[in-house]
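Notes to accompany the following structure.
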Amino acid sequence: MLYREAGDFKTSYGADSQTFPIRFDRMRYYAVLALAFGVVPFLINDYWANAVFVPFLIYAIAAIGLNILTGYCGQVSLGTGGFMAVGAYACYKLMTAFPEVSILIHVLLAGGVTAVVGVLFGLPSLRIKGFYLAVATLAAQFFLVWLFNKVPWFYNYSASGQITAPERTIFGIAVTGATTPAWAKYLFCLVLLFVLAWVARNLTRGAIGRKWMAIRDMDIAAEIIGVNPLTTKLSAFAVSSFFIGVAGALFFSVYLGAVEVGEAFGIQKSFLVLFMIIIGGLGSIFGSFAGAAFLVLLPVFLKNVLVGQLGWPTDLAAHIELMIVGGLIILFLIAEPHGLNQLWRVAKEKLRLWPFPH
Amino acid sequence: MKKTFAALAALAIAASTVPASADLMIPNLSYRTGPYAAGGIPYADGFNDYFTLLNERDGGIGGEKVVITECETAYNTEKGVECYEATKGNGALVYNPLSTGITYQLIPKVAADGIPLYTPGYGRTSAANGKVFEWVFNYPANYWDAASVAVKYLLEQNGGSLDGKKIALVYHNSAYGKEPIRTLTELSKKHGFTLVEVPVDHPGQEQKSQWLQIRRDKPDYVVMWGWGVMNAVAIQEAANINYPMENFIGVWWSGSENDVMPAGEGANGYKSLAMHGTGMAYPVYDDLRKFVIDAGKASGAGDQVGSVLYSRGMYAALVISEAIRKAQEIHGTAAITAAQLRDGFEALEITEARMAELGLPNFGQPFAASCEDHGGPGAAMIQQWDAASKTWSLKTGFIAPDDEVLVPLVMEDSGAFAAENNIAERCN
Amino acid sequence: MPDTFWFALEVTLNGLMAGVMYALVALGFVLIFKASGIFNYAQGVLALFAALTLVGIMEGQVPFSHLINAVFGTSLHHIGFKVPALLAILLTAGVMVILAVLVERYILKHLVNQEPIILFMATIGLAYFLEGLGDVMWGADIKTLDVGLPKGISDTIEATTYDLFGYGFFIDKLDIVAALVAALLVTTLTLFSQYSKQGRALRAVADDHQAALSVGISLRFIWVLVWSIAGIVALVAGIMWGSKSGVQFSLSLIALKALPVLMLGGFTSIPGAIVGGLIIGMGEKLFEFFIGPLVGGATENWFAYVLALVFLVFRPQGLFGERIIERV
């Protein structure tokens, strides 16, 4: 009743193959966009931008990237943190070397650099599969972090090896640096996320996305029907790394402003992003958003409730927070192993039939 | 999802907007969890307890109660940012995050928001140059001071010359651990010793190859820049290879009970720098016991009182409270703002007489800040661990660092920061 | 230069010893993977949890004291007496068995037949949970663990080798103990799986779940059994690593040291874990010594993985892994 497809007739192939074929979905999508672009920027303050929205947007980009590789192409990667570091350091080097070029171009170029590095580390995937590959990508993770920590050229020979983002503007408004207004940070990340999510959605619906999924479902069978595993796997690594590189560049330049590679892009980051896509749902763009939102919001929310509302000591709250996050992850996997995306699908199914049970 | 999000949002708003009161609000960005919890817990306890003492005994500072808002960072920069944003809107007066990583993050932010950042003995060393870093204070001593004091102590031990000696630096392979390298390189040129750099990756649970290397190279001295479990393992491994403990000197972050206790007997004789005294033999503990501990108001489990890092947290709190007093005096109001507190920090002078009055005679060095000087004199003492009695004892008085080497380094680094960020020098 | 030779030998020996320590952690992974196909990320946290529990019991700490004090305003800390090491180890082993039962009942039972990655994620959830639980139960401060194991350089070995070769070797006594314990552990495990009824059932399950079920082997019992054994192996690893560095959070990160060992040795092979550990330990130490100084040091973390990666390119299932047979 509430959510229906009846009466939604298509008269052209174009209309039939649009991203949101159901009218209600389309409306909801436009409503979310209007809210995100038209309302939130006017209400946002520093706390909401820095603690919730900006990390959410950036992690969503990274999660979409990893989802392309792991969810669509079936190659489990634990190198996300390392690839984000590539994006961050590429962005830093570009920002300081060419201060007159727009930051937007630097961020995209940083994604490009990461794509190249990603392809390089993707090569073993042609031979190694499953968990062995996951552990092999850890080699990329540890090596890249070590490299950025060790070679002073990457951090412009600063005394401590920290990199700090200088102020850069778009249309005269700062988007990096300490004086950036909250809404500018938010909008900058939002625009990038919007464009990238759109690209990802359409890539995964197209020929290349179908090849990725064929490899994921059974690589030998895919090879037999003429899917080239070399180009398919490597293209997944390239596209995925591009997204992750952009996320890393934003993470450094817009969100944190100063990073230290081992701390900001360590192995925990790789696990966190992998969590996001599994909790959100493998092989789903919506799932990437949902997973990122869940894992960014939950700790902030729990902390505010436990410390802010209940007044518990911070250490106890932090420990219990860990237990709750862990418990919820297990609970989620037991209740719905296919993630928030599947929950959403089931909910839609229920709404479609409501108020009838069948 | 939208609905749950809205519900979450409503709750989080309710949670994050604690009403700002007229009290003196001081956030304590502490870490009681994660890999560095063992160091974070005593420091946070000491910090909290001292302010509790002021509230209970004196009714606050200048009649204003101090409210501590603790926020857990787990030594993680992202959580640090969250904590900063969550607390800065409620009239936060000063930040003291006990993390070099978070400090680097906050330096541009505090300048934009106008809140002082106090980082005693850690953080960005070149922030000692007040001409560039208006909002950051790191007196009484910083990393480069520490490196220089360690070398000076070794000079004294060797009759004024380190020519031909070999010194190994075992350091935490992070921004924090790399800090002293530049200073030590300069000093090695000046005094003719060889510097061997031995990095240890986070967390430093396994250091066998590092210590085998030291066993082979047989450096005359080992200087350590460690934090967390790395300290304990390094001391254990040094004991394992029978390295003479009295030639092993840690920075002040590598010199707490946590670091030496796991090695037991083997740690006997290990030395570390100290920027303040330690132990319970100060009059302030009488009051602390009476007003805080016995009253059941101690922070945390209350089992850290008197330890090295507890003393350091207490010292940081003491300096902040003195700066608040100074600011109240300058501006003639008890309810000061963050900007007024900055003036207090800049005009702060703590004399030995004042320290004695506060119940901590011969605890810290006297210092006076100025517009240019946010770094203090930078002197430090050497303490040594006695495994039998489980106590640290001070071996020297305060040793002043070698400013001839340090000042140009500070100027160079702060100058680079000023150029990168278009900061005009103040105080002219 | 003969000195360099002796030194290389010393590094190799110490690398092998370190490898044994890695293998101790890797063993737990292998046991669980073999029996249930679960890549148990929580193994490192299990070691931390076991060590925390052991210290807590030895020191006579009141579990959850912090929580109880915060809720009821009491100030409980210790029950007032210390428990001898051996008894405490047995009690901790008991706790690990209870934990295994709980894990089976509340997690694994519900996740039968899920994809490996889902099970993997569930163990990461479990790792978070246990990390929080360990901290709430026993507190997050660093604790000294001393069950009476010898530590420090073995003077006899140094003196003997000095007499023999003119170069005194450094061998840590704790490492020797660890090697002996590892040998004992592997022997016991092998005997157990070869000759006991439960052990044979375990192997049957590892071979084929459904066939094992059809001949009347209880899968659930086997899972409890294998998680208990993994818990006890974690306890051993926790004791060894904890004696070295004290017991605190970072102990859980030793799992990361075990992963390249697993890759190299194969996820399903117990001898693989040992041999993999030895190769990784030796390789990373030698590299750190002879190449490390040229590139700035601290290479151990990534080199272990790169070494494993190189092996994998030639043998994608690890040295001792089961051959991967692919069919359409």
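To be explicit about the labels: the chains of the structure tokens are called A, B, and onward in the order shown, and within each one the residues are counted from 1, while ligands get numbers from 1 in the order they are shown.
Around A:Ala90, within 9 Å and counting only C-alpha atoms, the residues found are Ala85, Val86, Gly87, Lys93, Leu94, Met95, His106, Val107, Leu109, Ala110, Gly111, Val113, Thr114, Phe154, Gly245 and Ala249 of chain A, once anything fewer than 3 positions away on its own chain is removed.
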Chain B residues near chain C (10 Å cut-off, only C-alpha atoms) as a VMD selection string: chain B and resid 32 to 42 172 to 173 197 to 210 212 to 213 215 to 216 228 to 242 258 to 259 261 to 264 266 296 300 to 303
Go ahead and save the picked residues with C-alpha atoms, as an mmCIF file, in the first residue's frame.
data_model
loop_
_atom_site.group_PDB
_atom_site.id
_atom_site.type_symbol
_atom_site.label_atom_id
_atom_site.label_comp_id
_atom_site.auth_asym_id
_atom_site.auth_seq_id
_atom_site.Cartn_x
_atom_site.Cartn_y
_atom_site.Cartn_z
ATOM 1 C CA ARG B 32 41.743 5.267 29.790
ATOM 2 C CA THR B 33 41.377 2.669 27.044
ATOM 3 C CA GLY B 34 43.412 1.528 24.073
ATOM 4 C CA PRO B 35 47.093 0.739 23.710
ATOM 5 C CA TYR B 36 48.332 3.654 25.804
ATOM 6 C CA ALA B 37 45.795 3.439 28.629
ATOM 7 C CA ALA B 38 48.459 2.519 31.162
ATOM 8 C CA GLY B 39 49.996 5.974 30.741
ATOM 9 C CA GLY B 40 46.756 7.848 30.283
ATOM 10 C CA ILE B 41 45.040 6.651 33.460
ATOM 11 C CA PRO B 42 47.423 8.015 36.119
ATOM 12 C CA HIS B 172 58.824 5.025 18.926
ATOM 13 C CA ASN B 173 58.476 5.135 15.147
ATOM 14 C CA GLU B 197 68.957 5.467 15.301
ATOM 15 C CA VAL B 198 66.951 2.409 16.241
ATOM 16 C CA PRO B 199 63.238 2.721 15.383
ATOM 17 C CA VAL B 200 60.598 0.539 17.030
ATOM 18 C CA ASP B 201 57.206 0.235 15.373
ATOM 19 C CA HIS B 202 53.951 0.704 17.245
ATOM 20 C CA PRO B 203 53.148 -0.912 19.617
ATOM 21 C CA GLY B 204 56.632 -2.318 20.280
ATOM 22 C CA GLN B 205 55.649 -5.675 21.681
ATOM 23 C CA GLU B 206 58.536 -7.399 19.929
ATOM 24 C CA GLN B 207 61.948 -5.719 19.956
ATOM 25 C CA LYS B 208 64.349 -8.589 19.726
ATOM 26 C CA SER B 209 66.167 -7.416 16.613
ATOM 27 C CA GLN B 210 66.577 -3.895 17.954
ATOM 28 C CA LEU B 212 70.381 -7.694 19.303
ATOM 29 C CA GLN B 213 71.597 -4.796 17.210
ATOM 30 C CA ARG B 215 74.152 -5.932 21.764
ATOM 31 C CA ARG B 216 76.334 -6.098 18.679
ATOM 32 C CA GLY B 228 53.187 2.583 26.212
ATOM 33 C CA VAL B 229 54.206 -1.053 26.138
ATOM 34 C CA MET B 230 57.325 -0.223 24.153
ATOM 35 C CA ASN B 231 58.995 1.097 27.316
ATOM 36 C CA ALA B 232 58.399 -2.016 29.356
ATOM 37 C CA VAL B 233 59.577 -4.333 26.589
ATOM 38 C CA ALA B 234 62.680 -2.248 25.901
ATOM 39 C CA ILE B 235 63.697 -2.274 29.551
ATOM 40 C CA GLN B 236 63.074 -5.997 29.732
ATOM 41 C CA GLU B 237 65.144 -6.648 26.608
ATOM 42 C CA ALA B 238 67.930 -4.393 27.839
ATOM 43 C CA ALA B 239 68.006 -6.416 31.039
ATOM 44 C CA ASN B 240 67.984 -9.614 28.979
ATOM 45 C CA ILE B 241 71.110 -8.687 27.047
ATOM 46 C CA ASN B 242 72.754 -7.515 30.269
ATOM 47 C CA ASN B 258 54.475 1.086 34.594
ATOM 48 C CA ASP B 259 57.613 0.888 32.504
ATOM 49 C CA MET B 261 57.746 -2.838 37.097
ATOM 50 C CA PRO B 262 57.222 -5.629 34.514
ATOM 51 C CA ALA B 263 60.988 -6.133 34.235
ATOM 52 C CA GLY B 264 61.240 -6.662 37.994
ATOM 53 C CA GLY B 266 66.266 -6.408 35.885
ATOM 54 C CA GLY B 296 36.064 9.204 48.368
ATOM 55 C CA GLY B 300 39.471 6.597 38.769
ATOM 56 C CA ALA B 301 40.356 3.714 41.049
ATOM 57 C CA GLY B 302 42.438 5.966 43.310
ATOM 58 C CA ASP B 303 45.371 3.559 43.216
#
Neighbours of chain A in chain B at 6 Å, counting only C-alpha atoms, as number ranges by chain: B: 12, 15, 32, 72, 82, 85-86, 105, 108-109, 112, 175, 178-179
Residues of chain A within 7 Å of chain C, counting only C-alpha atoms, as an MDAnalysis selection string: chainID A and resid 124 127:128 132 135:136 138:139 142:143 150 220:221 316 319:320 322:323 326:327 329:330 333:334 337
How would the residues just chosen look if you wrote them out with C-alpha atoms as a PDB file, in the first residue's frame?
ATOM      1  CA  PRO A 124      48.829 -10.883  -6.762  1.00  0.00           C
ATOM      2  CA  ARG A 127      47.082 -15.885  -8.330  1.00  0.00           C
ATOM      3  CA  ILE A 128      45.965 -15.692  -4.710  1.00  0.00           C
ATOM      4  CA  TYR A 132      45.034 -15.641   1.467  1.00  0.00           C
ATOM      5  CA  VAL A 135      46.169 -11.302   4.245  1.00  0.00           C
ATOM      6  CA  ALA A 136      48.288 -10.519   1.200  1.00  0.00           C
ATOM      7  CA  LEU A 138      47.936  -6.512   4.470  1.00  0.00           C
ATOM      8  CA  ALA A 139      51.405  -6.472   2.924  1.00  0.00           C
ATOM      9  CA  PHE A 142      52.020  -2.283   6.268  1.00  0.00           C
ATOM     10  CA  PHE A 143      54.447  -1.483   3.497  1.00  0.00           C
ATOM     11  CA  LYS A 150      60.266   6.512   6.514  1.00  0.00           C
ATOM     12  CA  ILE A 220      36.527 -20.008 -13.501  1.00  0.00           C
ATOM     13  CA  ALA A 221      33.045 -20.047 -14.975  1.00  0.00           C
ATOM     14  CA  LEU A 316      33.801   2.495  31.879  1.00  0.00           C
ATOM     15  CA  HIS A 319      34.750  -0.229  27.587  1.00  0.00           C
ATOM     16  CA  ILE A 320      31.022  -0.817  27.590  1.00  0.00           C
ATOM     17  CA  LEU A 322      33.258  -1.587  22.854  1.00  0.00           C
ATOM     18  CA  MET A 323      31.145  -4.403  24.236  1.00  0.00           C
ATOM     19  CA  GLY A 326      30.908  -5.889  19.333  1.00  0.00           C
ATOM     20  CA  GLY A 327      27.641  -7.331  20.556  1.00  0.00           C
ATOM     21  CA  ILE A 329      27.870  -6.556  15.157  1.00  0.00           C
ATOM     22  CA  ILE A 330      27.337 -10.170  16.172  1.00  0.00           C
ATOM     23  CA  LEU A 333      25.214 -10.872  11.546  1.00  0.00           C
ATOM     24  CA  ILE A 334      22.973 -13.390  13.255  1.00  0.00           C
ATOM     25  CA  PRO A 337      23.932 -11.731   7.577  1.00  0.00           C
TER      26      PRO A 337
END
C:Gln43 surroundings by only C-alpha atoms, 7 Å radius, close-in-sequence under 4 positions cut, as a ChimeraX atom specification: /C:28-29,47,234,255
Contact residues around B:Val305 with only C-alpha atoms at 10 Å, ignoring same-chain residues under 4 positions, as number ranges by chain: B: 42-43, 45-46, 49, 279-280, 285, 288-289, 293, 298-299, 301, 309-311, 314
Resulting file, chosen residues, C-alpha atoms, as a PDB file, in the first residue's frame:
ATOM      1  CA  PRO B  42      47.423   8.015  36.119  1.00  0.00           C
ATOM      2  CA  TYR B  43      47.882  11.279  34.244  1.00  0.00           C
ATOM      3  CA  ASP B  45      43.681  10.926  37.671  1.00  0.00           C
ATOM      4  CA  GLY B  46      46.321  13.388  38.819  1.00  0.00           C
ATOM      5  CA  ASP B  49      42.334  15.149  41.608  1.00  0.00           C
ATOM      6  CA  GLY B 279      56.571  10.328  45.319  1.00  0.00           C
ATOM      7  CA  MET B 280      54.300  11.202  48.210  1.00  0.00           C
ATOM      8  CA  TYR B 285      49.470  15.093  49.665  1.00  0.00           C
ATOM      9  CA  LEU B 288      44.896  15.596  48.895  1.00  0.00           C
ATOM     10  CA  ARG B 289      44.414  12.738  51.299  1.00  0.00           C
ATOM     11  CA  ILE B 293      41.133  10.556  48.692  1.00  0.00           C
ATOM     12  CA  ALA B 298      39.434  10.508  43.957  1.00  0.00           C
ATOM     13  CA  SER B 299      39.319  10.104  40.221  1.00  0.00           C
ATOM     14  CA  ALA B 301      40.356   3.714  41.049  1.00  0.00           C
ATOM     15  CA  LEU B 309      52.511  10.147  35.710  1.00  0.00           C
ATOM     16  CA  TYR B 310      50.008  11.050  38.417  1.00  0.00           C
ATOM     17  CA  SER B 311      52.436  13.709  39.590  1.00  0.00           C
ATOM     18  CA  MET B 314      48.856  17.090  38.891  1.00  0.00           C
TER      19      MET B 314
END
Between atom CA of B:Ala334 and atom CA of B:Gly62, distance in Å (one decimal):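 Computing it gives 5.8 Å between the two atoms.
Going from atom CA of B:Ser321 to atom CA of B:Val94 covers 10.6 Å.
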Could you name the residues that touch C:Leu219 at 12 Å or less, counting only C-alpha atoms, but leaving out those on the same chain fewer than 6 positions away, as an mmCIF file with C-alpha atoms, in the first residue's frame?
data_model
loop_
_atom_site.group_PDB
_atom_site.id
_atom_site.type_symbol
_atom_site.label_atom_id
_atom_site.label_comp_id
_atom_site.auth_asym_id
_atom_site.auth_seq_id
_atom_site.Cartn_x
_atom_site.Cartn_y
_atom_site.Cartn_z
ATOM 1 C CA ALA C 35 37.579 -27.651 12.468
ATOM 2 C CA SER C 36 35.039 -25.035 11.472
ATOM 3 C CA GLU C 104 29.175 -21.780 20.619
ATOM 4 C CA LEU C 108 28.289 -20.083 16.245
ATOM 5 C CA LYS C 109 25.059 -22.003 16.565
ATOM 6 C CA VAL C 112 25.914 -22.314 10.744
ATOM 7 C CA GLN C 198 37.351 -36.925 20.447
ATOM 8 C CA ALA C 201 35.959 -36.998 15.698
ATOM 9 C CA LEU C 202 37.688 -33.656 15.337
ATOM 10 C CA ARG C 203 39.584 -34.836 12.315
ATOM 11 C CA ALA C 204 36.448 -36.287 10.816
ATOM 12 C CA VAL C 205 34.704 -32.926 11.161
ATOM 13 C CA ALA C 206 37.680 -31.145 9.647
ATOM 14 C CA ASP C 208 33.851 -33.291 5.925
ATOM 15 C CA HIS C 209 31.166 -31.699 8.095
ATOM 16 C CA GLN C 210 28.238 -33.499 6.606
ATOM 17 C CA ALA C 211 29.799 -36.919 6.517
ATOM 18 C CA ALA C 212 30.809 -36.480 10.139
ATOM 19 C CA LEU C 213 27.290 -35.469 11.090
ATOM 20 C CA LEU C 225 35.955 -28.625 22.109
ATOM 21 C CA VAL C 226 37.975 -26.852 19.470
#
Contacts of C:Val233 at 10 Å (only C-alpha atoms; same-chain gap of 3+ positions) as a list of chain:residue names: C:Leu24, C:Val25, C:Ala26, C:Leu27, C:Gly28, C:Phe29, C:Leu31, C:Gln43, C:Leu46, C:Ala47, C:Ala50, C:Ala93, C:Met96, C:Ala182, C:Leu185, C:Trp227, C:Ser228, C:Ile229, C:Ala230, C:Val236, C:Ala237, C:Gly238, C:Ile239
Would you export the selected residues with N, CA and C atoms as a CSV table (one decimal), in the first residue's frame, please?
chain,number,residue,atom,x,y,z
C,24,LEU,N,53.0,-19.9,18.3
C,24,LEU,CA,52.0,-20.2,19.4
C,24,LEU,C,50.7,-19.5,19.2
C,25,VAL,N,50.7,-18.3,18.7
C,25,VAL,CA,49.5,-17.6,18.4
C,25,VAL,C,48.8,-18.2,17.2
C,26,ALA,N,49.6,-18.5,16.2
C,26,ALA,CA,49.1,-19.0,14.9
C,26,ALA,C,48.4,-20.4,15.1
C,27,LEU,N,48.9,-21.2,16.1
C,27,LEU,CA,48.3,-22.5,16.3
C,27,LEU,C,46.8,-22.4,16.6
C,28,GLY,N,46.4,-21.4,17.4
C,28,GLY,CA,45.0,-21.2,17.8
C,28,GLY,C,44.2,-21.0,16.5
C,29,PHE,N,44.7,-20.1,15.6
C,29,PHE,CA,44.0,-19.8,14.4
C,29,PHE,C,43.7,-21.1,13.6
C,31,LEU,N,43.8,-24.3,14.5
C,31,LEU,CA,42.8,-25.3,15.1
C,31,LEU,C,41.4,-24.9,14.7
C,43,GLN,N,41.5,-14.4,18.0
C,43,GLN,CA,42.5,-15.2,18.7
C,43,GLN,C,43.4,-14.3,19.5
C,46,LEU,N,41.7,-13.2,22.5
C,46,LEU,CA,41.5,-14.3,23.4
C,46,LEU,C,42.8,-14.5,24.3
C,47,ALA,N,44.0,-14.3,23.7
C,47,ALA,CA,45.2,-14.4,24.4
C,47,ALA,C,45.2,-13.3,25.5
C,50,ALA,N,42.7,-14.1,28.2
C,50,ALA,CA,43.2,-15.2,29.1
C,50,ALA,C,44.3,-14.7,30.1
C,93,ALA,N,42.0,-21.7,32.6
C,93,ALA,CA,41.7,-22.7,31.6
C,93,ALA,C,40.2,-23.0,31.7
C,96,MET,N,38.3,-20.2,30.1
C,96,MET,CA,38.3,-20.3,28.7
C,96,MET,C,37.3,-21.3,28.1
C,182,ALA,N,56.0,-25.0,23.2
C,182,ALA,CA,55.4,-25.2,21.9
C,182,ALA,C,55.5,-26.6,21.4
C,185,LEU,N,53.1,-28.7,23.3
C,185,LEU,CA,51.8,-28.4,22.8
C,185,LEU,C,51.5,-29.2,21.5
C,227,TRP,N,37.1,-24.7,20.3
C,227,TRP,CA,37.2,-23.4,20.9
C,227,TRP,C,37.9,-23.4,22.3
C,228,SER,N,37.6,-24.5,23.0
C,228,SER,CA,38.3,-24.6,24.3
C,228,SER,C,39.8,-24.8,24.1
C,229,ILE,N,40.1,-25.7,23.2
C,229,ILE,CA,41.5,-25.9,23.0
C,229,ILE,C,42.2,-24.6,22.5
C,230,ALA,N,41.5,-23.9,21.6
C,230,ALA,CA,42.1,-22.7,21.1
C,230,ALA,C,42.2,-21.7,22.2
C,236,VAL,N,48.3,-20.1,26.8
C,236,VAL,CA,49.7,-20.3,26.7
C,236,VAL,C,50.4,-19.1,26.1
C,237,ALA,N,49.9,-18.7,24.9
C,237,ALA,CA,50.5,-17.6,24.2
C,237,ALA,C,50.5,-16.4,25.1
C,238,GLY,N,49.3,-16.2,25.8
C,238,GLY,CA,49.2,-15.0,26.7
C,238,GLY,C,50.2,-15.0,27.8
C,239,ILE,N,50.5,-16.2,28.3
C,239,ILE,CA,51.5,-16.3,29.4
C,239,ILE,C,52.9,-15.9,28.9
List as a tab-separated table (two decimals) with N, CA and C atoms, in the first residue's frame the protein and nucleic acid residues near B:Leu155, meaning an atom at most 12 Å away when only C-alpha atoms are counted, but skip any in the same chain fewer than 2 places from it.
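Below you can see out-v8.tsv, which holds the result:
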chain	number	residue	atom	x	y	z
B	148	SER	N	68.56	17.51	24.78
B	148	SER	CA	69.76	18.25	25.12
B	148	SER	C	70.19	17.99	26.56
B	149	VAL	N	69.21	17.92	27.47
B	149	VAL	CA	69.55	17.65	28.87
B	149	VAL	C	70.20	16.28	29.01
B	150	ALA	N	69.66	15.30	28.29
B	150	ALA	CA	70.22	13.96	28.37
B	150	ALA	C	71.69	13.98	27.93
B	151	VAL	N	71.96	14.69	26.83
B	151	VAL	CA	73.33	14.75	26.34
B	151	VAL	C	74.22	15.51	27.33
B	152	LYS	N	73.66	16.57	27.90
B	152	LYS	CA	74.46	17.33	28.87
B	152	LYS	C	74.82	16.49	30.09
B	153	TYR	N	73.86	15.70	30.52
B	153	TYR	CA	74.12	14.82	31.65
B	153	TYR	C	75.24	13.84	31.32
B	157	GLN	N	78.95	13.22	32.96
B	157	GLN	CA	79.44	11.92	33.39
B	157	GLN	C	80.80	11.60	32.80
B	158	ASN	N	81.07	12.21	31.61
B	158	ASN	CA	82.30	11.88	30.92
B	158	ASN	C	83.33	13.00	30.97
B	159	GLY	N	83.21	13.81	32.00
B	159	GLY	CA	84.20	14.87	32.15
B	159	GLY	C	84.17	15.89	31.03
B	160	GLY	N	82.99	16.13	30.46
B	160	GLY	CA	82.86	17.22	29.50
B	160	GLY	C	83.10	16.86	28.05
B	161	SER	N	83.39	15.61	27.78
B	161	SER	CA	83.62	15.27	26.38
B	161	SER	C	82.95	13.95	26.01
B	162	LEU	N	82.27	13.95	24.88
B	162	LEU	CA	81.66	12.70	24.40
B	162	LEU	C	82.33	12.27	23.11
B	163	ASP	N	83.50	12.80	22.88
B	163	ASP	CA	84.20	12.53	21.63
B	163	ASP	C	84.41	11.03	21.45
B	165	LYS	N	82.30	8.72	21.45
B	165	LYS	CA	81.32	7.82	22.09
B	165	LYS	C	80.22	7.48	21.10
B	167	ILE	N	76.14	6.77	20.90
B	167	ILE	CA	74.86	6.82	21.61
B	167	ILE	C	73.77	6.29	20.69
B	187	LEU	N	73.53	17.90	18.02
B	187	LEU	CA	74.40	17.76	19.19
B	187	LEU	C	75.55	16.80	18.91
B	188	SER	N	75.28	15.79	18.09
B	188	SER	CA	76.35	14.84	17.80
B	188	SER	C	77.45	15.52	16.99
B	190	LYS	N	78.17	18.68	17.31
B	190	LYS	CA	78.85	19.60	18.22
B	190	LYS	C	79.80	18.87	19.16
B	191	HIS	N	79.35	17.71	19.66
B	191	HIS	CA	80.14	17.05	20.69
B	191	HIS	C	80.91	15.85	20.17
B	192	GLY	N	80.75	15.54	18.89
B	192	GLY	CA	81.57	14.49	18.30
B	192	GLY	C	81.20	13.07	18.68
B	193	PHE	N	79.95	12.83	19.11
B	193	PHE	CA	79.58	11.44	19.33
B	193	PHE	C	78.84	10.90	18.10
B	221	TYR	N	75.93	4.53	25.37
B	221	TYR	CA	74.69	4.90	26.05
B	221	TYR	C	73.51	4.62	25.15
B	399	ILE	N	69.05	20.33	35.30
B	399	ILE	CA	70.12	20.59	34.34
B	399	ILE	C	69.53	21.42	33.21
B	401	PRO	N	69.14	23.00	29.47
B	401	PRO	CA	69.48	22.52	28.14
B	401	PRO	C	70.44	23.47	27.43
B	402	ASP	N	70.92	23.05	26.30
B	402	ASP	CA	71.90	23.81	25.54
B	402	ASP	C	71.16	24.71	24.54
DSSP alpha helix (DSSP H) residues within stretch 173-226 of chain A, as a VMD selection string: chain A and resid 182 to 205 207 to 217 219 to 224
Next, write the just-selected residues to a file, as a tab-separated table (two decimals), in the first residue's frame, keeping C-alpha atoms as the atom set.
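This went into selection-v2.tsv:
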chain	number	residue	atom	x	y	z
A	182	ALA	CA	31.43	23.83	8.74
A	183	TRP	CA	29.08	24.05	5.79
A	184	ALA	CA	31.93	24.39	3.29
A	185	LYS	CA	33.58	21.19	4.52
A	186	TYR	CA	30.28	19.45	4.41
A	187	LEU	CA	29.30	20.62	0.95
A	188	PHE	CA	32.71	19.88	-0.55
A	189	CYS	CA	32.57	16.29	0.65
A	190	LEU	CA	28.91	15.96	-0.23
A	191	VAL	CA	29.42	17.04	-3.83
A	192	LEU	CA	32.26	14.58	-4.27
A	193	LEU	CA	30.30	11.79	-2.64
A	194	PHE	CA	27.28	12.54	-4.80
A	195	VAL	CA	29.26	12.45	-8.03
A	196	LEU	CA	31.24	9.37	-7.06
A	197	ALA	CA	28.21	7.44	-5.84
A	198	TRP	CA	26.48	8.26	-9.10
A	199	VAL	CA	29.48	7.01	-11.06
A	200	ALA	CA	29.72	3.87	-8.95
A	201	ARG	CA	26.06	3.09	-9.29
A	202	ASN	CA	26.22	3.36	-13.06
A	203	LEU	CA	29.48	1.48	-13.38
A	204	THR	CA	28.12	-1.44	-11.42
A	205	ARG	CA	24.98	-1.55	-13.56
A	207	ALA	CA	29.02	-4.11	-18.64
A	208	ILE	CA	32.04	-3.72	-16.38
A	209	GLY	CA	29.95	-4.19	-13.25
A	210	ARG	CA	28.48	-7.36	-14.65
A	211	LYS	CA	31.96	-8.67	-15.39
A	212	TRP	CA	32.98	-7.94	-11.79
A	213	MET	CA	30.01	-9.84	-10.48
A	214	ALA	CA	30.69	-12.74	-12.80
A	215	ILE	CA	34.21	-12.98	-11.39
A	216	ARG	CA	32.85	-12.74	-7.87
A	217	ASP	CA	30.29	-15.47	-8.33
A	219	ASP	CA	35.86	-16.85	-11.53
A	220	ILE	CA	36.53	-20.01	-13.50
A	221	ALA	CA	33.05	-20.05	-14.97
A	222	ALA	CA	33.39	-16.36	-15.82
A	223	GLU	CA	36.68	-17.02	-17.55
A	224	ILE	CA	35.11	-19.76	-19.62
A:Gly311, A:Pro21, A:Gly339, A:Gly248 ranked by distance to A:Ser270, top pick (using only C-alpha atoms): A:Gly248
